[in-house]
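Participant: Pasting a structure below so you can have a look.
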Amino acid sequence: MPAAYSRDEVKERSRAQWHGACNVTLPSFTSDFSGLNDEAIRHDVALAAKMGFWGTLIASECGTTVDEYIHFMEVAADAAPPELKLVAHLSFANTEEALRVADAAYALGLEAGLLGYPPDFVPKAPSDIVDWTRDLTDRTDLAMIVFAVVTWGFRSLSPASFPHDAIVEMAGLETVAAIKYEANPPGIVTGVADLLRRCGDKAIVQCPMEHTAPALIDWFGMQWIGTSGYEAFGDRVPRWFKLLHEGKWDEGMELYWSYQPAREAKGAWSQTWAGSNLIHRVGWKYLGWLQGFNGGLLRMPQMRLHPGQMRALRAGVEASGYSVPTDDSAFYEGRIPG
């Protein structure tokens with residue numbers, strides 16, 4: 001699939017075509033972890049499309065090599081129907097690896113890349129963040145999502161955890177399509193409001209936390225949300241997101257509240273690994289498996305998911321009316337063993 005756009009079309013294209021929710025596709029491995037399970041990946045990409053997601057993030061940070069990750073994108077691009085957008089996850093050991101993946105993603109026709117800052121990037125001033133981001137975006141034509149989150153460790157540069165002046169400047173870069181804002185807890189919504197005022201005309205500004213989305217849709221018409229593991233709640237996030245944008249608020253909010261036990265269970269579990277600066281992706285795999293995705297373990301090193309955590313997550317999902325497997329024994333191998 002050839003590149004879908006040129007760099008000078010990024011901002012207009014994102015405003016016109018980015019409408020909906022972007023979930024996450026995690027890799028599936030063979031049983032001995034020697035390689036990727038292509039058929040399981042195809043299954044997950046197809047299911048994300050069937051559930052009505054706008055697109056899906058092809059997640060890194062899951063134990064794949066760079067070569068394997070590029071293959072992961074290739075399989076996903078081949079499996080994705082035309083209506084499903086794919087987003088590359090540019091979180092790698094260094095800048096050159098991220099650039100290699102960005103160029104491969106663009107050549108495959110992926111829609112965008114979610115920016116990540118490598119572990120050896122330790123900025124001394126907000127301008128360093130801007131300079132690094134500008135350098136990367138100048139060297140690839142892939143549309144970019146700036147990810148403002150506490151994970152990067154920029155707290156010493158700003159009480160908001162990610163300097164807003166830097167975000168405003170980066171929003172004006174030619175290929176920056178959107179801002180994914182999770183900095184400044186517990187004042188995340190305040191941070192979104194500040195950025196909307198300062199650079200909302202330059203890039204899409206949004207918070208990926210689905211529990212805040214109805215308010216942000218009502219207050220400023222947030223058109224797109226992502227990326228996050230919305231597949232934990234099956235197809236309900238893209239369904240109510242669409243209903244709210246159609247003005248069907250009563251129906252949409254009934255659906256939003258329908259899985260509050262699952263939302264609370266996931267939130268409580270997330271607090272058990274708060275501060276790790278890493279997502280518990282095995283847990284995300286489990287939550288996806290409960291909803292029909294492949295499941296299966298990830299290549300080490302990963303956080304381990306204990307049976308007690310699985311029981312608590314399952315209880316929330318079951319209380320929300322989802323149909324789930326009778327027990328967890330098949331999760332470890334996955335629905336499509338490879």
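Ligands are numbered from 1 in the order shown, residues from 1 within each chain, and chains are lettered A, B, ... in the order they appear in the structure tokens.
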So that I can check the secondary structure, give me every residue of stretch 136-271 of chain A assigned alpha helix (DSSP H) by backbone DSSP, as a ChimeraX atom specification.
Facilitator: /A:136-138,164-171,188-199,213-220,236-245,249-257,260-270
Participant: If you run DSSP over the backbone, which residues in stretch 30-217 of chain A end up strand (DSSP E)? Put them as a ChimeraX atom specification.
Facilitator: /A:55-58,85-90,112-115,144-148,176-181,204-206
Participant: Write the selection just made, keeping N, CA and C atoms, as a PDB file, in the first residue's frame?
Facilitator:
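File selection_15.pdb, as written:
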ATOM      1  N   GLY A  55      -9.136   3.499  13.984  1.00  0.00           N
ATOM      2  CA  GLY A  55      -7.821   2.969  13.669  1.00  0.00           C
ATOM      3  C   GLY A  55      -7.256   2.246  14.863  1.00  0.00           C
ATOM      4  N   THR A  56      -6.028   1.768  14.705  1.00  0.00           N
ATOM      5  CA  THR A  56      -5.381   1.041  15.787  1.00  0.00           C
ATOM      6  C   THR A  56      -3.886   1.338  15.799  1.00  0.00           C
ATOM      7  N   LEU A  57      -3.350   1.478  16.998  1.00  0.00           N
ATOM      8  CA  LEU A  57      -1.912   1.655  17.182  1.00  0.00           C
ATOM      9  C   LEU A  57      -1.227   0.301  17.126  1.00  0.00           C
ATOM     10  N   ILE A  58      -0.231   0.171  16.269  1.00  0.00           N
ATOM     11  CA  ILE A  58       0.563  -1.050  16.194  1.00  0.00           C
ATOM     12  C   ILE A  58       1.669  -0.905  17.237  1.00  0.00           C
ATOM     13  N   LYS A  85      -7.544   2.876   9.938  1.00  0.00           N
ATOM     14  CA  LYS A  85      -6.255   3.558   9.888  1.00  0.00           C
ATOM     15  C   LYS A  85      -5.271   2.859  10.833  1.00  0.00           C
ATOM     16  N   LEU A  86      -4.006   2.861  10.464  1.00  0.00           N
ATOM     17  CA  LEU A  86      -2.964   2.276  11.306  1.00  0.00           C
ATOM     18  C   LEU A  86      -1.992   3.351  11.758  1.00  0.00           C
ATOM     19  N   VAL A  87      -1.586   3.260  13.016  1.00  0.00           N
ATOM     20  CA  VAL A  87      -0.659   4.220  13.615  1.00  0.00           C
ATOM     21  C   VAL A  87       0.573   3.466  14.102  1.00  0.00           C
ATOM     22  N   ALA A  88       1.751   3.898  13.672  1.00  0.00           N
ATOM     23  CA  ALA A  88       3.000   3.307  14.139  1.00  0.00           C
ATOM     24  C   ALA A  88       3.337   3.840  15.529  1.00  0.00           C
ATOM     25  N   HIS A  89       4.019   3.015  16.300  1.00  0.00           N
ATOM     26  CA  HIS A  89       4.408   3.391  17.660  1.00  0.00           C
ATOM     27  C   HIS A  89       5.917   3.618  17.668  1.00  0.00           C
ATOM     28  N   LEU A  90       6.322   4.884  17.679  1.00  0.00           N
ATOM     29  CA  LEU A  90       7.736   5.237  17.494  1.00  0.00           C
ATOM     30  C   LEU A  90       8.477   5.318  18.827  1.00  0.00           C
ATOM     31  N   ALA A 112      -0.149   7.486  10.587  1.00  0.00           N
ATOM     32  CA  ALA A 112       0.584   8.394  11.473  1.00  0.00           C
ATOM     33  C   ALA A 112       1.547   7.602  12.342  1.00  0.00           C
ATOM     34  N   GLY A 113       2.330   8.350  13.130  1.00  0.00           N
ATOM     35  CA  GLY A 113       3.217   7.763  14.118  1.00  0.00           C
ATOM     36  C   GLY A 113       2.999   8.438  15.463  1.00  0.00           C
ATOM     37  N   LEU A 114       2.979   7.649  16.524  1.00  0.00           N
ATOM     38  CA  LEU A 114       2.907   8.178  17.886  1.00  0.00           C
ATOM     39  C   LEU A 114       4.330   8.364  18.382  1.00  0.00           C
ATOM     40  N   LEU A 115       4.707   9.609  18.645  1.00  0.00           N
ATOM     41  CA  LEU A 115       6.084   9.920  19.023  1.00  0.00           C
ATOM     42  C   LEU A 115       6.434   9.382  20.412  1.00  0.00           C
ATOM     43  N   MET A 144       2.532  12.959  12.504  1.00  0.00           N
ATOM     44  CA  MET A 144       2.961  12.682  13.874  1.00  0.00           C
ATOM     45  C   MET A 144       1.917  13.081  14.915  1.00  0.00           C
ATOM     46  N   ILE A 145       1.859  12.264  15.962  1.00  0.00           N
ATOM     47  CA  ILE A 145       1.081  12.562  17.157  1.00  0.00           C
ATOM     48  C   ILE A 145       2.069  12.835  18.281  1.00  0.00           C
ATOM     49  N   VAL A 146       2.106  14.058  18.775  1.00  0.00           N
ATOM     50  CA  VAL A 146       2.969  14.411  19.902  1.00  0.00           C
ATOM     51  C   VAL A 146       2.345  13.850  21.170  1.00  0.00           C
ATOM     52  N   PHE A 147       3.130  13.090  21.919  1.00  0.00           N
ATOM     53  CA  PHE A 147       2.632  12.423  23.116  1.00  0.00           C
ATOM     54  C   PHE A 147       3.164  13.140  24.353  1.00  0.00           C
ATOM     55  N   ALA A 148       2.313  13.933  24.989  1.00  0.00           N
ATOM     56  CA  ALA A 148       2.673  14.668  26.199  1.00  0.00           C
ATOM     57  C   ALA A 148       2.224  13.862  27.407  1.00  0.00           C
ATOM     58  N   VAL A 176       2.963  17.603  12.266  1.00  0.00           N
ATOM     59  CA  VAL A 176       2.305  17.275  13.531  1.00  0.00           C
ATOM     60  C   VAL A 176       0.798  17.418  13.334  1.00  0.00           C
ATOM     61  N   ALA A 177       0.105  16.283  13.463  1.00  0.00           N
ATOM     62  CA  ALA A 177      -1.336  16.255  13.221  1.00  0.00           C
ATOM     63  C   ALA A 177      -2.140  16.408  14.508  1.00  0.00           C
ATOM     64  N   ALA A 178      -1.600  15.898  15.627  1.00  0.00           N
ATOM     65  CA  ALA A 178      -2.392  15.856  16.851  1.00  0.00           C
ATOM     66  C   ALA A 178      -1.500  15.874  18.076  1.00  0.00           C
ATOM     67  N   ILE A 179      -2.112  16.250  19.201  1.00  0.00           N
ATOM     68  CA  ILE A 179      -1.480  16.215  20.513  1.00  0.00           C
ATOM     69  C   ILE A 179      -2.244  15.204  21.359  1.00  0.00           C
ATOM     70  N   LYS A 180      -1.532  14.203  21.854  1.00  0.00           N
ATOM     71  CA  LYS A 180      -2.104  13.251  22.807  1.00  0.00           C
ATOM     72  C   LYS A 180      -1.671  13.715  24.192  1.00  0.00           C
ATOM     73  N   TYR A 181      -2.608  14.253  24.959  1.00  0.00           N
ATOM     74  CA  TYR A 181      -2.242  14.943  26.195  1.00  0.00           C
ATOM     75  C   TYR A 181      -2.637  14.133  27.430  1.00  0.00           C
ATOM     76  N   ILE A 204      -4.894  18.851  16.183  1.00  0.00           N
ATOM     77  CA  ILE A 204      -5.960  18.288  17.014  1.00  0.00           C
ATOM     78  C   ILE A 204      -5.418  18.114  18.436  1.00  0.00           C
ATOM     79  N   VAL A 205      -6.150  18.617  19.412  1.00  0.00           N
ATOM     80  CA  VAL A 205      -5.770  18.471  20.816  1.00  0.00           C
ATOM     81  C   VAL A 205      -6.789  17.555  21.482  1.00  0.00           C
ATOM     82  N   GLN A 206      -6.310  16.497  22.133  1.00  0.00           N
ATOM     83  CA  GLN A 206      -7.239  15.552  22.754  1.00  0.00           C
ATOM     84  C   GLN A 206      -6.575  14.842  23.913  1.00  0.00           C
TER      85      GLN A 206
END
Participant: Given only C-alpha atoms as the basis, pick out the residue of A:Arg299, A:Lys248, A:Arg7, A:Arg236 nearest to A:Leu36.
Facilitator: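 Closest residue, counting only C-alpha atoms: A:Arg299.
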Participant: At a cut-off of 12 Å, using only C-alpha atoms, what residues contact A:Arg198? Leave out same-chain residues fewer than 2 positions from it and give the result as a list in words.
Facilitator: His164, Asp165, Ala166, Ile167, Val168, Glu169, Met170, Ala171, Gly172, Gly191, Val192, Ala193, Asp194, Leu195, Leu196, Gly200, Asp201, Lys202, Ala203, Ile204 and Val205 of chain A
Participant: Hey, can you spit out that residue selection with N, CA and C atoms as an mmCIF file, in the first residue's frame?
Facilitator:
data_model
loop_
_atom_site.group_PDB
_atom_site.id
_atom_site.type_symbol
_atom_site.label_atom_id
_atom_site.label_comp_id
_atom_site.auth_asym_id
_atom_site.auth_seq_id
_atom_site.Cartn_x
_atom_site.Cartn_y
_atom_site.Cartn_z
ATOM 1 N N HIS A 164 4.361 23.269 28.257
ATOM 2 C CA HIS A 164 3.345 23.658 27.294
ATOM 3 C C HIS A 164 3.910 24.538 26.183
ATOM 4 N N ASP A 165 4.895 25.361 26.503
ATOM 5 C CA ASP A 165 5.505 26.182 25.454
ATOM 6 C C ASP A 165 6.093 25.299 24.357
ATOM 7 N N ALA A 166 6.684 24.182 24.757
ATOM 8 C CA ALA A 166 7.255 23.258 23.766
ATOM 9 C C ALA A 166 6.152 22.626 22.927
ATOM 10 N N ILE A 167 5.058 22.230 23.559
ATOM 11 C CA ILE A 167 3.952 21.621 22.816
ATOM 12 C C ILE A 167 3.383 22.600 21.803
ATOM 13 N N VAL A 168 3.210 23.852 22.213
ATOM 14 C CA VAL A 168 2.663 24.872 21.312
ATOM 15 C C VAL A 168 3.561 25.028 20.093
ATOM 16 N N GLU A 169 4.860 25.069 20.307
ATOM 17 C CA GLU A 169 5.780 25.216 19.180
ATOM 18 C C GLU A 169 5.755 23.978 18.286
ATOM 19 N N MET A 170 5.706 22.789 18.892
ATOM 20 C CA MET A 170 5.685 21.563 18.103
ATOM 21 C C MET A 170 4.379 21.409 17.329
ATOM 22 N N ALA A 171 3.284 21.918 17.872
ATOM 23 C CA ALA A 171 2.002 21.833 17.170
ATOM 24 C C ALA A 171 2.047 22.531 15.816
ATOM 25 N N GLY A 172 2.934 23.516 15.685
ATOM 26 C CA GLY A 172 3.057 24.229 14.432
ATOM 27 C C GLY A 172 3.941 23.555 13.404
ATOM 28 N N GLY A 191 -4.994 21.157 31.399
ATOM 29 C CA GLY A 191 -3.937 21.216 30.398
ATOM 30 C C GLY A 191 -4.486 21.198 28.988
ATOM 31 N N VAL A 192 -5.492 20.361 28.739
ATOM 32 C CA VAL A 192 -6.131 20.323 27.426
ATOM 33 C C VAL A 192 -6.733 21.683 27.087
ATOM 34 N N ALA A 193 -7.413 22.293 28.058
ATOM 35 C CA ALA A 193 -8.029 23.597 27.819
ATOM 36 C C ALA A 193 -6.982 24.655 27.481
ATOM 37 N N ASP A 194 -5.856 24.622 28.190
ATOM 38 C CA ASP A 194 -4.791 25.588 27.927
ATOM 39 C C ASP A 194 -4.239 25.410 26.512
ATOM 40 N N LEU A 195 -4.025 24.171 26.109
ATOM 41 C CA LEU A 195 -3.474 23.922 24.782
ATOM 42 C C LEU A 195 -4.481 24.226 23.677
ATOM 43 N N LEU A 196 -5.742 23.957 23.920
ATOM 44 C CA LEU A 196 -6.756 24.327 22.929
ATOM 45 C C LEU A 196 -6.722 25.824 22.653
ATOM 46 N N GLY A 200 -4.839 25.069 19.453
ATOM 47 C CA GLY A 200 -5.897 24.230 18.910
ATOM 48 C C GLY A 200 -6.163 24.456 17.436
ATOM 49 N N ASP A 201 -5.696 25.590 16.911
ATOM 50 C CA ASP A 201 -5.858 25.852 15.478
ATOM 51 C C ASP A 201 -4.744 25.220 14.647
ATOM 52 N N LYS A 202 -3.722 24.686 15.304
ATOM 53 C CA LYS A 202 -2.565 24.124 14.595
ATOM 54 C C LYS A 202 -2.573 22.603 14.539
ATOM 55 N N ALA A 203 -3.210 21.955 15.519
ATOM 56 C CA ALA A 203 -3.236 20.499 15.577
ATOM 57 C C ALA A 203 -4.432 20.068 16.407
ATOM 58 N N ILE A 204 -4.894 18.851 16.183
ATOM 59 C CA ILE A 204 -5.960 18.288 17.014
ATOM 60 C C ILE A 204 -5.418 18.114 18.436
ATOM 61 N N VAL A 205 -6.150 18.617 19.412
ATOM 62 C CA VAL A 205 -5.770 18.471 20.816
ATOM 63 C C VAL A 205 -6.789 17.555 21.482
#
Participant: Just want the 10 Å neighbourhood of A:Ala104, counted on only C-alpha atoms, with same-chain residues fewer than 2 positions away dropped. Output as number ranges by chain.
Facilitator: A: 3, 70-71, 73-74, 88, 98-102, 106-110, 140, 142
Participant: Those residues with C-alpha atoms, as an mmCIF file, in the first residue's frame please?
Facilitator:
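Saved as part18.cif:
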data_model
loop_
_atom_site.group_PDB
_atom_site.id
_atom_site.type_symbol
_atom_site.label_atom_id
_atom_site.label_comp_id
_atom_site.auth_asym_id
_atom_site.auth_seq_id
_atom_site.Cartn_x
_atom_site.Cartn_y
_atom_site.Cartn_z
ATOM 1 C CA ALA A 3 1.991 6.410 1.030
ATOM 2 C CA ILE A 70 8.416 -3.622 10.786
ATOM 3 C CA HIS A 71 7.083 -7.078 9.921
ATOM 4 C CA MET A 73 3.334 -3.333 10.570
ATOM 5 C CA GLU A 74 3.471 -5.188 7.246
ATOM 6 C CA ALA A 88 3.000 3.307 14.139
ATOM 7 C CA ALA A 98 12.458 5.473 15.312
ATOM 8 C CA LEU A 99 13.253 7.079 11.954
ATOM 9 C CA ARG A 100 13.704 3.730 10.273
ATOM 10 C CA VAL A 101 10.288 2.632 11.512
ATOM 11 C CA ALA A 102 8.675 5.961 10.568
ATOM 12 C CA TYR A 106 4.984 5.861 5.597
ATOM 13 C CA ALA A 107 5.946 3.566 2.724
ATOM 14 C CA LEU A 108 3.354 1.018 3.902
ATOM 15 C CA GLY A 109 0.609 3.659 3.885
ATOM 16 C CA LEU A 110 0.174 3.962 7.642
ATOM 17 C CA THR A 140 10.381 11.731 7.602
ATOM 18 C CA LEU A 142 4.917 10.483 8.347
#
Participant: Which of these, A:Met51, A:Ala76, A:Gly296, A:Val24, has the shortest distance to A:Trp240 once you count only C-alpha atoms?
Facilitator: A:Met51
Participant: Any idea what's packed within 12 Å of A:His19, counting only C-alpha atoms, ignoring anything in its chain fewer than 5 positions away? Could you give it as a PyMOL selection string?
Facilitator: chain A and resi 13-14+52-55+83-85+204+206+217+221-226+238+241-242+245-246
Participant: Which distance in Å separates atom CA of A:Ser161 and atom CA of A:Leu26, to one decimal?
Facilitator: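 Separating atom CA of A:Ser161 from atom CA of A:Leu26 is a distance of 27.1 Å.
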Participant: Considering only C-alpha atoms, can you say which of A:Val130, A:Leu216, A:Ala79, A:Leu313 comes closest to A:Tyr286?
Facilitator: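 Answer, going by the shortest atom-to-atom distance: A:Leu313.
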Participant: Write out as a ChimeraX atom specification each polymer residue whose atoms come within 12 Å of A:Pro325, counting only C-alpha atoms; drop sequence neighbours fewer than 4 positions from it.
Facilitator: /A:286-293,295,314,317-318,329-331,335
Participant: Smallest atom-to-atom distance to A:Gly252: which of A:Gly234, A:Gly229, A:Ala213, A:Cys199, using only C-alpha atoms?
Facilitator: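 Checking each candidate against A:Gly252, we get A:Ala213 as the closest.
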Participant: What's the 9 Å shell around stretch 28-31 of chain A, counting only C-alpha atoms, without same-chain residues fewer than 2 positions away, as a ChimeraX atom specification?
Facilitator: /A:26,33-41,294-299,333-334,337-338
Participant: Write out, as a short mmCIF file (atom, residue, chain, number, x, y, z; two decimals), in the first residue's frame, the residues just selected, with N, CA and C atoms.
Facilitator:
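Final file, result.cif:
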data_model
loop_
_atom_site.label_atom_id
_atom_site.label_comp_id
_atom_site.auth_asym_id
_atom_site.auth_seq_id
_atom_site.Cartn_x
_atom_site.Cartn_y
_atom_site.Cartn_z
N LEU A 26 -1.68 -5.18 20.11
CA LEU A 26 -0.43 -5.68 20.67
C LEU A 26 0.03 -6.89 19.84
N PHE A 33 8.08 -18.09 21.37
CA PHE A 33 8.50 -16.69 21.34
C PHE A 33 9.64 -16.43 20.35
N SER A 34 9.83 -17.34 19.39
CA SER A 34 10.90 -17.16 18.42
C SER A 34 10.53 -16.20 17.30
N GLY A 35 9.26 -15.88 17.17
CA GLY A 35 8.82 -14.97 16.11
C GLY A 35 7.40 -14.54 16.33
N LEU A 36 6.87 -13.78 15.37
CA LEU A 36 5.50 -13.28 15.46
C LEU A 36 4.51 -14.30 14.93
N ASN A 37 3.31 -14.24 15.47
CA ASN A 37 2.19 -15.08 15.04
C ASN A 37 1.33 -14.25 14.08
N ASP A 38 1.60 -14.37 12.79
CA ASP A 38 0.95 -13.50 11.81
C ASP A 38 -0.56 -13.66 11.79
N GLU A 39 -1.05 -14.88 11.89
CA GLU A 39 -2.49 -15.09 11.81
C GLU A 39 -3.21 -14.48 13.01
N ALA A 40 -2.59 -14.55 14.17
CA ALA A 40 -3.20 -13.94 15.35
C ALA A 40 -3.24 -12.42 15.21
N ILE A 41 -2.19 -11.85 14.64
CA ILE A 41 -2.16 -10.40 14.41
C ILE A 41 -3.27 -10.01 13.42
N ASN A 294 -6.87 -12.05 20.40
CA ASN A 294 -6.10 -13.28 20.50
C ASN A 294 -5.60 -13.58 21.91
N GLY A 295 -5.12 -12.59 22.63
CA GLY A 295 -4.52 -12.86 23.93
C GLY A 295 -3.12 -13.43 23.77
N GLY A 296 -2.70 -14.23 24.73
CA GLY A 296 -1.36 -14.77 24.71
C GLY A 296 -0.37 -13.86 25.42
N LEU A 297 0.74 -14.43 25.84
CA LEU A 297 1.75 -13.67 26.56
C LEU A 297 2.68 -12.93 25.61
N LEU A 298 3.41 -11.99 26.16
CA LEU A 298 4.38 -11.20 25.40
C LEU A 298 5.79 -11.64 25.76
N ARG A 299 6.70 -11.38 24.87
CA ARG A 299 8.11 -11.73 25.12
C ARG A 299 8.64 -10.91 26.30
N GLU A 333 -2.12 -19.35 25.88
CA GLU A 333 -1.76 -19.84 24.54
C GLU A 333 -2.30 -18.92 23.45
N GLY A 334 -3.43 -18.29 23.71
CA GLY A 334 -4.05 -17.42 22.72
C GLY A 334 -5.09 -18.15 21.91
N PRO A 337 -3.26 -20.25 18.32
CA PRO A 337 -1.89 -20.63 18.67
C PRO A 337 -0.99 -20.68 17.44
N GLY A 338 0.25 -20.29 17.63
CA GLY A 338 1.18 -20.27 16.52
C GLY A 338 2.48 -21.00 16.85
#
